[in-house]
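Coordinates as given in my_file.txt (compact mmCIF, C-alpha atoms):
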```txt
# COMPACT_ATOMS: atom_id res chain seq x y z
CA MET A 1 -61.51 3.82 8.95
CA LYS A 2 -59.73 2.89 5.83
CA THR A 3 -57.60 6.01 6.08
CA ARG A 4 -56.71 5.33 9.69
CA GLY A 5 -55.65 1.79 8.78
CA THR A 6 -53.36 3.06 5.99
CA VAL A 7 -51.74 5.62 8.30
CA ALA A 8 -51.20 2.96 10.95
CA ALA A 9 -49.58 0.69 8.42
CA ALA A 10 -47.37 3.52 7.17
CA VAL A 11 -46.25 4.36 10.72
CA ALA A 12 -45.50 0.71 11.40
CA SER A 13 -43.46 0.46 8.20
CA ALA A 14 -41.51 3.59 9.10
CA GLY A 15 -40.84 2.14 12.53
CA ILE A 16 -39.41 -1.04 11.03
CA LEU A 17 -37.27 0.96 8.63
CA LEU A 18 -36.02 3.14 11.46
CA ALA A 19 -35.19 0.12 13.59
CA GLY A 20 -33.29 -1.37 10.68
CA TRP A 21 -31.44 1.87 10.07
CA GLN A 22 -30.50 2.13 13.73
CA ALA A 23 -29.28 -1.44 13.80
CA GLY A 24 -27.20 -0.77 10.72
CA THR A 25 -25.76 2.43 12.11
CA GLN A 26 -24.90 0.84 15.41
CA ALA A 27 -23.19 -2.11 13.83
CA GLY A 28 -21.31 0.21 11.52
CA GLY A 29 -20.27 2.52 14.29
CA THR A 30 -18.69 -0.05 16.52
CA SER A 31 -15.56 -1.98 15.82
CA ILE A 32 -16.27 -5.25 14.11
CA ILE A 33 -13.31 -6.76 15.88
CA THR A 34 -13.94 -8.63 19.06
CA ALA A 35 -11.48 -7.11 21.44
CA THR A 36 -10.87 -8.57 24.84
CA GLY A 37 -7.39 -7.60 25.89
CA THR A 38 -4.81 -8.04 23.16
CA THR A 39 -6.26 -11.16 21.63
CA ALA A 40 -9.83 -11.90 20.85
CA GLU A 41 -11.86 -14.63 19.33
CA GLY A 42 -14.34 -14.13 16.58
CA SER A 43 -17.70 -14.89 18.07
CA GLY A 44 -19.15 -16.74 15.19
CA GLY A 45 -21.05 -14.61 12.73
CA ALA A 46 -24.00 -12.26 12.72
CA SER A 47 -26.92 -13.02 14.95
CA GLY A 48 -29.41 -11.82 12.38
CA THR A 49 -31.04 -9.06 14.39
CA ASN A 50 -32.47 -7.39 11.33
CA GLY A 51 -32.47 -8.04 7.64
CA SER A 52 -31.07 -4.64 6.86
CA ALA A 53 -28.17 -4.81 9.32
CA PRO A 54 -24.77 -5.39 7.77
CA HIS A 55 -23.59 -8.95 8.15
CA SER A 56 -20.75 -8.10 10.47
CA ALA A 57 -19.82 -10.39 13.29
CA THR A 58 -21.45 -9.63 16.58
CA THR A 59 -19.02 -8.16 18.99
CA LYS A 60 -18.22 -8.48 22.62
CA GLY A 61 -16.21 -5.98 24.60
CA THR A 62 -16.11 -3.71 21.61
CA THR A 63 -13.69 -0.83 21.55
CA SER A 64 -14.39 2.42 19.83
CA GLY A 65 -13.45 2.33 16.15
CA THR A 66 -11.18 5.33 16.47
CA THR A 67 -9.11 4.14 19.42
CA ALA A 68 -8.82 0.39 18.84
CA ALA A 69 -5.23 -0.77 18.95
CA GLY A 70 -3.37 -4.01 19.38
CA THR A 71 -3.12 -7.41 17.81
CA PHE A 72 -6.25 -9.43 17.25
CA THR A 73 -6.40 -13.07 16.37
CA GLY A 74 -9.38 -14.45 14.55
CA ALA A 75 -10.89 -17.85 15.14
CA ALA A 76 -9.58 -20.78 13.11
CA VAL A 77 -12.14 -21.23 10.37
CA GLN A 78 -12.70 -24.56 8.66
CA THR A 79 -12.71 -24.34 4.88
CA ARG A 80 -12.85 -27.13 2.35
CA PHE A 81 -9.06 -26.78 2.03
CA GLY A 82 -8.45 -27.05 5.78
CA SER A 83 -8.42 -24.58 8.64
CA VAL A 84 -7.52 -20.93 8.07
CA GLN A 85 -6.62 -18.40 10.75
CA VAL A 86 -5.52 -14.78 10.45
CA GLN A 87 -4.28 -12.09 12.79
CA ILE A 88 -4.68 -8.35 12.35
CA THR A 89 -2.78 -5.48 13.86
CA VAL A 90 -4.75 -2.32 14.60
CA ALA A 91 -3.33 1.09 15.40
CA GLY A 92 -5.47 4.18 15.85
CA GLY A 93 -8.53 2.33 14.67
CA THR A 94 -6.91 1.36 11.38
CA ILE A 95 -5.83 -2.12 10.32
CA THR A 96 -2.10 -1.81 9.68
CA ASP A 97 -1.20 -5.42 9.04
CA VAL A 98 -2.84 -8.73 8.26
CA THR A 99 -0.87 -11.89 8.96
CA ALA A 100 -1.87 -15.40 8.03
CA LEU A 101 -1.24 -17.59 11.06
CA HIS A 102 -2.41 -20.63 9.21
CA LEU A 103 -3.31 -20.92 5.54
CA THR A 104 -5.08 -24.22 4.90
CA ASP A 105 -3.78 -27.73 5.41
CA ASP A 106 -3.68 -28.24 1.66
CA ASP A 107 -0.09 -27.27 0.79
CA ARG A 108 -0.82 -26.52 -2.83
CA LYS A 109 -3.74 -24.23 -2.00
CA SER A 110 -1.67 -22.64 0.73
CA ILE A 111 1.04 -21.67 -1.77
CA GLN A 112 -1.57 -20.34 -4.18
CA ILE A 113 -3.28 -18.17 -1.60
CA SER A 114 -0.03 -16.85 -0.13
CA ASN A 115 1.36 -16.01 -3.57
CA ARG A 116 -1.53 -13.68 -4.42
CA ALA A 117 -0.45 -10.35 -5.91
CA ALA A 118 -1.45 -7.27 -3.95
CA PRO A 119 -0.92 -3.51 -4.21
CA VAL A 120 2.36 -2.36 -2.69
CA LEU A 121 4.05 0.97 -2.19
CA ARG A 122 7.26 1.65 -4.06
CA SER A 123 9.04 1.79 -0.71
CA GLU A 124 7.85 -1.75 0.05
CA VAL A 125 9.47 -3.61 -2.83
CA LEU A 126 13.02 -4.89 -3.14
CA ALA A 127 15.01 -1.90 -4.33
CA ALA A 128 18.43 -1.24 -5.79
CA GLN A 129 20.44 1.53 -7.39
CA SER A 130 21.67 0.86 -10.91
CA ALA A 131 25.23 0.66 -9.55
CA ASP A 132 24.23 -2.29 -7.36
CA VAL A 133 22.87 -4.57 -10.08
CA GLN A 134 24.65 -6.67 -12.69
CA THR A 135 21.80 -6.70 -15.19
CA VAL A 136 18.62 -4.81 -15.97
CA SER A 137 15.23 -6.19 -16.99
CA GLY A 138 12.80 -4.03 -18.90
CA ALA A 139 10.38 -4.03 -21.78
CA THR A 140 12.26 -5.01 -24.92
CA VAL A 141 14.45 -2.19 -26.13
CA THR A 142 15.24 -1.75 -29.79
CA SER A 143 18.92 -1.81 -30.68
CA GLY A 144 18.66 1.96 -31.11
CA ALA A 145 17.11 2.58 -27.70
CA TYR A 146 19.69 0.28 -26.14
CA LEU A 147 22.36 2.97 -26.48
CA THR A 148 20.73 5.12 -23.80
CA SER A 149 19.64 2.24 -21.56
CA LEU A 150 20.91 1.33 -18.10
CA GLN A 151 21.97 -2.05 -19.45
CA ALA A 152 24.26 -0.32 -21.97
CA ALA A 153 25.94 1.54 -19.11
CA ILE A 154 26.50 -1.71 -17.19
CA ASP A 155 27.81 -3.42 -20.33
CA ALA A 156 30.19 -0.53 -21.06
CA ALA A 157 31.57 -0.68 -17.52
CA ASN A 158 32.44 -4.37 -17.89
CA LEU A 159 33.73 -4.64 -21.45
CA MET B 1 29.58 4.18 -15.39
CA GLN B 2 31.75 3.21 -12.45
CA GLN B 3 30.25 0.55 -10.22
CA THR B 4 30.48 1.57 -6.59
CA SER B 5 30.30 -1.95 -5.23
CA ASP B 6 31.83 -4.30 -7.75
CA PRO B 7 31.26 -7.78 -6.31
CA THR B 8 33.91 -9.31 -8.55
CA GLU B 9 36.78 -7.24 -7.16
CA ALA B 10 37.18 -9.36 -4.05
CA SER B 11 37.44 -12.69 -5.84
CA GLY B 12 39.82 -11.41 -8.50
CA ALA B 13 37.66 -12.98 -11.21
CA PRO B 14 36.50 -10.08 -13.35
CA LEU B 15 32.99 -10.01 -14.71
CA LYS B 16 33.26 -9.53 -18.45
CA ILE B 17 30.47 -8.57 -20.77
CA ARG B 18 30.20 -8.80 -24.56
CA THR B 19 27.25 -7.72 -26.68
CA PHE B 20 25.85 -8.36 -30.14
CA THR B 21 22.74 -7.34 -32.05
CA SER B 22 20.03 -9.80 -33.09
CA MET B 23 16.24 -10.00 -33.26
CA GLY B 24 16.06 -6.21 -33.38
CA THR B 25 17.64 -5.80 -29.97
CA VAL B 26 20.95 -6.09 -28.14
CA ILE B 27 22.04 -9.26 -26.36
CA SER B 28 24.56 -8.98 -23.51
CA LEU B 29 26.49 -11.96 -22.20
CA ALA B 30 28.24 -11.54 -18.85
CA LEU B 31 30.67 -14.25 -17.87
CA VAL B 32 32.77 -14.86 -14.78
CA PRO B 33 35.73 -17.12 -15.61
CA ASP B 34 35.79 -20.40 -13.71
CA GLY B 35 38.86 -21.16 -11.65
CA PRO B 36 42.21 -19.44 -12.22
CA ALA B 37 41.57 -18.53 -15.85
CA ALA B 38 42.45 -14.91 -16.34
CA GLY B 39 43.72 -12.53 -18.98
CA GLN B 40 43.91 -14.12 -22.44
CA ALA B 41 42.44 -17.45 -21.33
CA ALA B 42 39.40 -15.72 -19.84
CA ASP B 43 38.97 -13.66 -22.99
CA ASP B 44 39.08 -16.80 -25.11
CA GLU B 45 36.50 -18.46 -22.88
CA LEU B 46 34.17 -15.51 -23.29
CA ALA B 47 34.74 -15.30 -27.04
CA ALA B 48 33.94 -19.00 -27.49
CA ALA B 49 30.79 -18.77 -25.39
CA LEU B 50 29.68 -15.62 -27.18
CA ALA B 51 30.17 -17.23 -30.61
CA VAL B 52 27.90 -20.13 -29.68
CA VAL B 53 25.18 -17.88 -28.28
CA GLU B 54 25.36 -15.45 -31.21
CA ARG B 55 25.11 -18.26 -33.77
CA LEU B 56 22.05 -19.63 -31.99
CA PHE B 57 20.23 -16.28 -32.03
CA ARG B 58 21.12 -15.64 -35.68
CA ASP B 59 19.87 -19.03 -36.85
CA LEU B 60 16.56 -18.63 -35.03
CA ASP B 61 16.13 -15.08 -36.31
CA GLU B 62 16.73 -16.21 -39.89
CA THR B 63 13.93 -18.75 -39.53
CA PHE B 64 11.41 -16.78 -37.50
CA SER B 65 11.82 -13.09 -38.39
CA LEU B 66 8.80 -11.54 -40.09
CA TYR B 67 11.06 -8.62 -41.02
CA ARG B 68 13.02 -10.87 -43.41
CA PRO B 69 10.96 -11.53 -46.56
CA ASP B 70 12.89 -14.75 -47.21
CA SER B 71 12.43 -16.27 -43.76
CA GLU B 72 10.39 -19.41 -43.27
CA ALA B 73 7.97 -17.43 -41.04
CA SER B 74 7.41 -14.88 -43.83
CA ARG B 75 6.74 -17.64 -46.36
CA LEU B 76 4.20 -19.13 -43.94
CA ALA B 77 2.59 -15.71 -43.46
CA ARG B 78 2.24 -15.27 -47.24
CA GLY B 79 0.73 -18.72 -47.57
CA GLU B 80 3.59 -20.06 -49.69
CA LEU B 81 4.21 -22.71 -47.08
CA THR B 82 1.83 -24.60 -44.80
CA LEU B 83 2.52 -25.68 -41.24
CA PRO B 84 2.50 -29.44 -41.94
CA ARG B 85 5.33 -28.88 -44.43
CA ALA B 86 7.25 -26.47 -42.22
CA SER B 87 10.50 -27.27 -40.46
CA ASP B 88 10.59 -29.24 -37.21
CA ILE B 89 11.58 -26.21 -35.15
CA MET B 90 8.72 -24.16 -36.63
CA ARG B 91 6.18 -26.85 -35.81
CA ASP B 92 7.66 -27.49 -32.36
CA LEU B 93 7.48 -23.82 -31.38
CA TYR B 94 4.01 -23.49 -32.86
CA ALA B 95 2.87 -26.44 -30.72
CA GLU B 96 4.50 -24.89 -27.66
CA ALA B 97 2.90 -21.50 -28.35
CA HIS B 98 -0.49 -23.13 -28.86
CA ASP B 99 -0.08 -24.93 -25.53
CA TRP B 100 0.66 -21.58 -23.87
CA ARG B 101 -2.45 -20.08 -25.40
CA LEU B 102 -4.53 -22.79 -23.72
CA ARG B 103 -2.70 -22.49 -20.42
CA THR B 104 -3.17 -18.69 -20.34
CA GLU B 105 -6.77 -18.94 -21.56
CA GLY B 106 -5.91 -16.92 -24.64
CA ALA B 107 -4.00 -14.11 -22.92
CA PHE B 108 -0.95 -15.26 -24.87
CA SER B 109 -1.56 -15.99 -28.53
CA PRO B 110 0.76 -17.09 -31.34
CA GLU B 111 -1.41 -15.32 -33.88
CA ARG B 112 -1.83 -11.65 -34.62
CA PRO B 113 -5.36 -10.21 -34.76
CA ASP B 114 -5.12 -10.38 -38.56
CA GLY B 115 -4.56 -14.13 -38.30
CA VAL B 116 -0.89 -14.14 -39.27
CA LEU B 117 1.17 -16.65 -37.30
CA ASP B 118 3.66 -14.67 -35.22
CA LEU B 119 5.85 -16.66 -32.87
CA SER B 120 8.08 -13.72 -31.92
CA GLY B 121 6.51 -13.74 -28.45
CA LEU B 122 8.07 -17.16 -27.90
CA VAL B 123 11.15 -17.20 -30.13
CA LYS B 124 13.32 -14.86 -28.07
CA GLY B 125 12.56 -16.78 -24.85
CA HIS B 126 13.33 -20.01 -26.69
CA ALA B 127 16.63 -18.55 -27.94
CA ILE B 128 17.61 -17.53 -24.40
CA ARG B 129 16.63 -20.97 -23.09
CA GLU B 130 18.74 -22.70 -25.75
CA ALA B 131 21.66 -20.33 -25.13
CA GLY B 132 21.57 -21.15 -21.42
CA THR B 133 21.60 -24.88 -22.18
CA SER B 134 24.56 -24.36 -24.54
CA LEU B 135 26.51 -22.37 -21.95
CA LEU B 136 26.03 -25.13 -19.39
CA ALA B 137 27.04 -27.72 -22.00
CA LEU B 138 30.22 -25.71 -22.62
CA GLY B 139 30.99 -26.04 -18.93
CA ARG B 140 30.27 -22.37 -18.14
CA ARG B 141 28.68 -22.16 -14.74
CA ASN B 142 28.63 -18.46 -13.84
CA TRP B 143 27.02 -16.24 -16.43
CA CYS B 144 24.17 -13.84 -17.01
CA LEU B 145 22.47 -13.47 -20.38
CA ASN B 146 20.31 -10.41 -21.08
CA ALA B 147 18.42 -10.30 -24.37
CA GLY B 148 16.70 -6.95 -24.76
CA GLY B 149 15.62 -6.87 -21.12
CA ASP B 150 14.85 -10.56 -20.58
CA VAL B 151 17.38 -12.22 -18.29
CA LEU B 152 18.57 -15.78 -17.62
CA ALA B 153 21.38 -16.39 -15.16
CA GLY B 154 23.54 -19.31 -14.12
CA GLY B 155 25.60 -19.69 -10.97
CA SER B 156 26.75 -16.55 -9.25
CA PRO B 157 28.66 -13.32 -10.04
CA VAL B 158 31.10 -14.44 -7.34
CA PRO B 159 31.78 -18.12 -8.16
CA GLY B 160 31.28 -20.47 -5.24
CA SER B 161 29.80 -17.81 -2.97
CA GLY B 162 26.17 -18.59 -3.67
CA GLU B 163 25.64 -14.86 -4.04
CA PRO B 164 22.75 -14.18 -6.43
CA TRP B 165 22.93 -12.19 -9.62
CA ARG B 166 21.17 -8.95 -8.81
CA ALA B 167 18.76 -7.81 -11.51
CA GLY B 168 17.19 -4.36 -11.58
CA ILE B 169 13.80 -3.64 -13.13
CA VAL B 170 13.44 -0.50 -15.20
CA ASP B 171 10.93 2.11 -14.06
CA PRO B 172 8.61 2.50 -17.07
CA GLY B 173 7.92 6.08 -16.00
CA ASN B 174 11.61 6.94 -15.94
CA ARG B 175 13.74 4.52 -17.90
CA GLY B 176 16.91 5.91 -16.36
CA SER B 177 16.02 4.54 -12.94
CA LEU B 178 14.98 1.25 -11.37
CA VAL B 179 11.59 0.57 -9.82
CA ALA B 180 12.67 -2.65 -8.08
CA ALA B 181 15.28 -5.37 -7.91
CA TYR B 182 15.21 -9.14 -7.80
CA PRO B 183 17.91 -11.68 -6.87
CA LEU B 184 18.40 -14.44 -9.43
CA ALA B 185 19.88 -17.51 -7.77
CA ALA B 186 19.69 -21.27 -8.09
CA ALA B 187 18.93 -21.48 -4.37
CA GLY B 188 15.94 -19.20 -4.86
CA ARG B 189 14.82 -21.35 -7.82
CA HIS B 190 14.14 -18.28 -9.96
CA LEU B 191 16.97 -17.89 -12.45
CA ALA B 192 14.93 -16.13 -15.12
CA LEU B 193 13.38 -12.67 -15.16
CA ALA B 194 11.38 -11.26 -18.06
CA THR B 195 9.65 -7.92 -18.47
CA SER B 196 6.97 -6.93 -20.96
CA GLY B 197 5.56 -3.48 -21.57
CA SER B 198 2.46 -2.12 -23.19
CA ALA B 199 4.26 0.85 -24.74
CA GLU B 200 7.66 -0.09 -26.07
CA ARG B 201 7.98 -2.74 -28.79
CA GLY B 202 4.63 -4.06 -27.62
CA ASP B 203 3.98 -5.22 -31.14
CA HIS B 204 3.51 -8.85 -30.15
CA ILE B 205 1.14 -8.11 -27.29
CA TRP B 206 -2.52 -8.03 -28.22
CA ARG B 207 -4.85 -6.92 -25.50
CA GLN B 208 -7.67 -9.37 -24.88
CA HIS B 209 -11.19 -8.35 -25.74
CA GLY B 210 -10.06 -4.82 -26.56
CA ARG B 211 -9.70 -4.02 -22.88
CA PRO B 212 -7.65 -0.91 -22.09
CA ALA B 213 -4.13 -1.53 -20.80
CA GLU B 214 -4.14 -1.91 -17.00
CA PHE B 215 -0.41 -2.39 -16.68
CA SER B 216 2.32 -0.39 -18.39
CA GLN B 217 4.89 -3.01 -17.44
CA VAL B 218 4.91 -6.52 -16.00
CA SER B 219 7.95 -8.43 -14.72
CA VAL B 220 7.90 -12.14 -13.96
CA ALA B 221 10.64 -14.19 -12.28
CA ALA B 222 10.42 -17.95 -12.73
CA ALA B 223 12.55 -21.06 -12.90
CA ASP B 224 12.77 -20.88 -16.70
CA ILE B 225 12.89 -17.99 -19.12
CA VAL B 226 10.09 -19.11 -21.45
CA THR B 227 7.59 -19.31 -18.59
CA ALA B 228 8.72 -15.92 -17.28
CA ASP B 229 8.52 -14.30 -20.73
CA ILE B 230 5.15 -15.76 -21.72
CA LEU B 231 3.53 -14.95 -18.38
CA ALA B 232 4.82 -11.36 -18.48
CA THR B 233 3.32 -10.94 -21.96
CA ALA B 234 0.08 -12.64 -20.93
CA VAL B 235 -0.43 -10.41 -17.87
CA VAL B 236 0.07 -7.23 -19.91
CA SER B 237 -2.51 -8.59 -22.34
CA GLY B 238 -4.94 -10.15 -19.86
CA GLY B 239 -4.79 -7.65 -16.98
CA THR B 240 -5.66 -8.48 -13.37
CA PRO B 241 -7.52 -11.75 -14.07
CA MET B 242 -4.41 -13.12 -15.80
CA LEU B 243 -2.17 -11.72 -13.04
CA ASP B 244 -4.15 -13.70 -10.47
CA ARG B 245 -4.11 -16.83 -12.62
CA ALA B 246 -0.34 -16.53 -13.08
CA ALA B 247 0.28 -16.08 -9.34
CA ASP B 248 -2.05 -19.00 -8.57
CA GLY B 249 -0.97 -21.45 -11.20
CA TRP B 250 2.80 -21.01 -11.48
CA ASP B 251 5.76 -20.76 -9.15
CA ALA B 252 6.40 -17.19 -10.20
CA ALA B 253 7.22 -13.85 -8.62
CA ILE B 254 5.40 -10.98 -10.31
CA LEU B 255 5.75 -7.20 -10.20
CA ALA B 256 3.25 -5.21 -12.26
CA VAL B 257 3.30 -1.45 -12.77
CA ARG B 258 -0.15 0.02 -13.36
CA THR B 259 -0.60 2.74 -15.95
CA ASP B 260 -0.91 5.26 -13.08
CA GLY B 261 2.53 4.20 -11.80
CA SER B 262 1.31 2.25 -8.75
CA LEU B 263 2.60 -1.26 -8.11
CA VAL B 264 1.09 -4.69 -7.63
CA ALA B 265 3.38 -7.49 -6.45
CA THR B 266 3.48 -11.05 -5.18
CA PRO B 267 5.14 -11.50 -1.75
CA SER B 268 8.63 -12.41 -3.08
CA PHE B 269 9.02 -8.90 -4.48
CA ARG B 270 8.41 -7.34 -1.07
CA ARG B 271 11.29 -6.27 1.14
```

Starting from the file, lay out its structure as structure tokens.
Amino acid sequence: MKTRGTVAAAVASAGILLAGWQAGTQAGGTSIITATGTTAEGSGGASGTNGSAPHSATTKGTTSGTTAAGTFTGAAVQTRFGSVQVQITVAGGTITDVTALHLTDDDRKSIQISNRAAPVLRSEVLAAQSADVQTVSGATVTSGAYLTSLQAAIDAANL
Amino acid sequence: MQQTSDPTEASGAPLKIRTFTSMGTVISLALVPDGPAAGQAADDELAAALAVVERLFRDLDETFSLYRPDSEASRLARGELTLPRASDIMRDLYAEAHDWRLRTEGAFSPERPDGVLDLSGLVKGHAIREAGTSLLALGRRNWCLNAGGDVLAGGSPVPGSGEPWRAGIVDPGNRGSLVAAYPLAAAGRHLALATSGSAERGDHIWRQHGRPAEFSQVSVAAADIVTADILATAVVSGGTPMLDRAADGWDAAILAVRTDGSLVATPSFRR
């Protein structure tokens, strides 16, 4: 009797674990973006189906993660600095751009958030050839190293 | 080196550059003559401006250089002089450096790890700031001052056009090429651009808490050169936490090169 009870408990536990795993897998396998047409609204957070499910937003009209494409607008979210709303662009199931439609009603906070440094590719920053600039900024060069620097070339051209 | 697109050709006002050596590096002053001044008059204008700037750098170097045994800074370092008895400029810059230490939460420090007061992280920026003030006081409106890679500009390379001075930023992985550019213009508020590195002449940059260097080079554009210079130094020293604090707390554009060559930038550095 005691053995049977233990086995029953073990099976029940396994069932709960399996249900949790399935919930997690399902949530992970579908797009977390609510996609109805080209714009969608966030539908307000996880519904708490299972403790082990990831806390992604519940979705409606989900598209497959590999084929999702288009522009998606999130709901305006109230924060203690005012409302915040973002838009993402998805191509081939990958987020290719994130745009802030509205960054708080607190101007100072808005500047701070929008000035955040982020990784960029070399092709994404303001670029110039040395012939197109009038001066060159770099880590301090010694007077010896100056001779072979770009700045020395610019100086020599304008003596 | 022949410039392929010389912006001064059209206006007929030639950009002229003179250099001198001070503080262990080379200072370049570029000046565009105001109005019709040309030839000898323009040369005289440049010579006068250069003399003022050079004198300013030399005086500050004589006071603050730790490479000169007879400087006031060296006497302070040896304990022959105490701060309360030091000159006004020494105490003023010490106070300013101390303020920057608080504002950067220690990422910038006026003291070396061995405790010796070393204001060299602030003195060059101060010299550039003072030189810029002097140039404006002399009535010079269109100029660009580069002191060992730290830049302060006034006006435009093409007077009256509003065109910005275009500054390139050296690629730390290949010092013969540029990794990025930034326009320095009064309209864009950022007239100063400073770059600090963890490899070259990094002798005044102490990494916080012995953390390994995250960035090989950090460039900061700001409204004034001291802010730009200090923040660039602080981000090299303090890594990503200081980078975020600098972007949050100051009106500054920042481009940081990680030690693996990848880039981190605030939006103004993006195309």

Using 6 Å as the limit and counting all atoms listed in the file, can you tabulate each residue of chain B that touches chain A, with its shortest atom-to-atom distance in Å and the two atoms involved, as CSV?
```
residue,atom,partner,partner_atom,distance
B:Met1,CA,A:Ala157,CA,5.7
B:Gln3,CA,A:Ala131,CA,5.1
B:Lys16,CA,A:Asn158,CA,5.3
B:Ile17,CA,A:Leu159,CA,5.2
B:Gly24,CA,A:Thr142,CA,5.8
B:Thr25,CA,A:Ser143,CA,4.3
B:Val26,CA,A:Ser143,CA,5.4
B:Gly148,CA,A:Thr140,CA,4.8
B:Gly149,CA,A:Ser137,CA,4.2
B:Asp150,CA,A:Ser137,CA,5.7
B:Arg166,CA,A:Val133,CA,4.9
B:Ala167,CA,A:Thr135,CA,4.9
B:Gly168,CA,A:Val136,CA,4.6
B:Ile169,CA,A:Ser137,CA,4.8
B:Val170,CA,A:Gly138,CA,5.2
B:Ala180,CA,A:Ala127,CA,4.5
B:Ala181,CA,A:Ala127,CA,5.0
B:Thr195,CA,A:Gly138,CA,5.0
B:Ser196,CA,A:Ala139,CA,4.6
B:Gly197,CA,A:Ala139,CA,4.9
B:Ala247,CA,A:Arg116,CA,5.8
B:Asp248,CA,A:Gln112,CA,4.6
B:Leu263,CA,A:Val120,CA,5.5
B:Val264,CA,A:Pro119,CA,4.1
B:Ala265,CA,A:Ala117,CA,4.8
B:Thr266,CA,A:Ala117,CA,4.1
B:Phe269,CA,A:Val125,CA,5.6
B:Arg270,CA,A:Val125,CA,4.3
B:Arg271,CA,A:Leu126,CA,4.8
```

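Put simply, atom CA of Ala213 of chain B is 15.6 Å away from atom CA of Leu231 of chain B.
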
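Atom to atom, atom CA of Thr99 of chain A and atom CA of Thr79 of chain A stand 17.7 Å apart.
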
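When atom CA of Pro14 of chain B is paired with atom CA of Gly139 of chain B, their separation reads 17.8 Å.
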
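Using only C-alpha atoms, the contacts of Ala252 of chain B at a cut-off of 6 Å, with sequence neighbours closer than 2 positions omitted, comprise Ala221, Ala222 and Trp250 of chain B.
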
Can you tell me, as a short mmCIF file (atom, residue, chain, number, x, y, z; two decimals) with C-alpha atoms, in the coordinates of the input, what residues are no more than 7 Å from Cys144 of chain B when counting all atoms listed in the file, ignoring any on the same chain fewer than 6 positions away?
```cif
data_model
loop_
_atom_site.label_atom_id
_atom_site.label_comp_id
_atom_site.auth_asym_id
_atom_site.auth_seq_id
_atom_site.Cartn_x
_atom_site.Cartn_y
_atom_site.Cartn_z
CA LEU B 29 26.49 -11.96 -22.20
CA ALA B 30 28.24 -11.54 -18.85
CA LEU B 31 30.67 -14.25 -17.87
CA LEU B 152 18.57 -15.78 -17.62
CA ALA B 153 21.38 -16.39 -15.16
CA GLY B 154 23.54 -19.31 -14.12
#
```

Just want the 9 Å neighbourhood of Gln85 of chain A, counted on only C-alpha atoms, with same-chain residues fewer than 3 positions away dropped. Output as a list in words.
Thr73, Gly74, Ala75, Ala76, Val77, Gln78, Thr99, Ala100, Leu101, His102, Leu103 and Thr104 of chain A

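Minimum atom-to-atom distances from B:Asp114, B:Glu62, B:Glu96, B:Asp171 to Arg75 of chain B were compared using all atoms listed in the file, and the lowest value belongs to B:Glu62.
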
Shortest contact to Thr104 of chain B, candidates B:Arg140, B:Arg68, B:Arg258, B:Arg245, atoms counted all atoms listed in the file, goes to B:Arg245

Have a look at B:Pro33, B:Gly125, B:Gly173, B:Pro113 and name the one nearest to Val226 of chain B; count only C-alpha atoms.
B:Gly125

Got a moment to write segment 49-70 of chain B out with C-alpha atoms, as a CSV table (one decimal), in the first residue's frame?
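New file out-v5.csv:
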```csv
chain,number,residue,atom,x,y,z
B,49,ALA,CA,47.0,83.6,-31.9
B,50,LEU,CA,49.6,80.8,-31.8
B,51,ALA,CA,51.8,82.8,-29.5
B,52,VAL,CA,49.0,83.3,-27.0
B,53,VAL,CA,48.0,79.6,-27.1
B,54,GLU,CA,51.6,78.4,-26.9
B,55,ARG,CA,52.4,80.6,-23.9
B,56,LEU,CA,49.3,79.3,-22.1
B,57,PHE,CA,50.3,75.7,-22.6
B,58,ARG,CA,53.9,76.3,-21.5
B,59,ASP,CA,53.0,78.1,-18.3
B,60,LEU,CA,50.6,75.3,-17.3
B,61,ASP,CA,53.2,72.7,-18.1
B,62,GLU,CA,55.8,74.4,-16.0
B,63,THR,CA,53.5,74.3,-13.0
B,64,PHE,CA,51.9,70.9,-13.4
B,65,SER,CA,54.5,68.6,-15.1
B,66,LEU,CA,55.6,65.7,-13.0
B,67,TYR,CA,58.5,65.3,-15.5
B,68,ARG,CA,60.0,68.6,-14.4
B,69,PRO,CA,61.7,68.1,-11.0
B,70,ASP,CA,61.4,71.9,-10.3
```
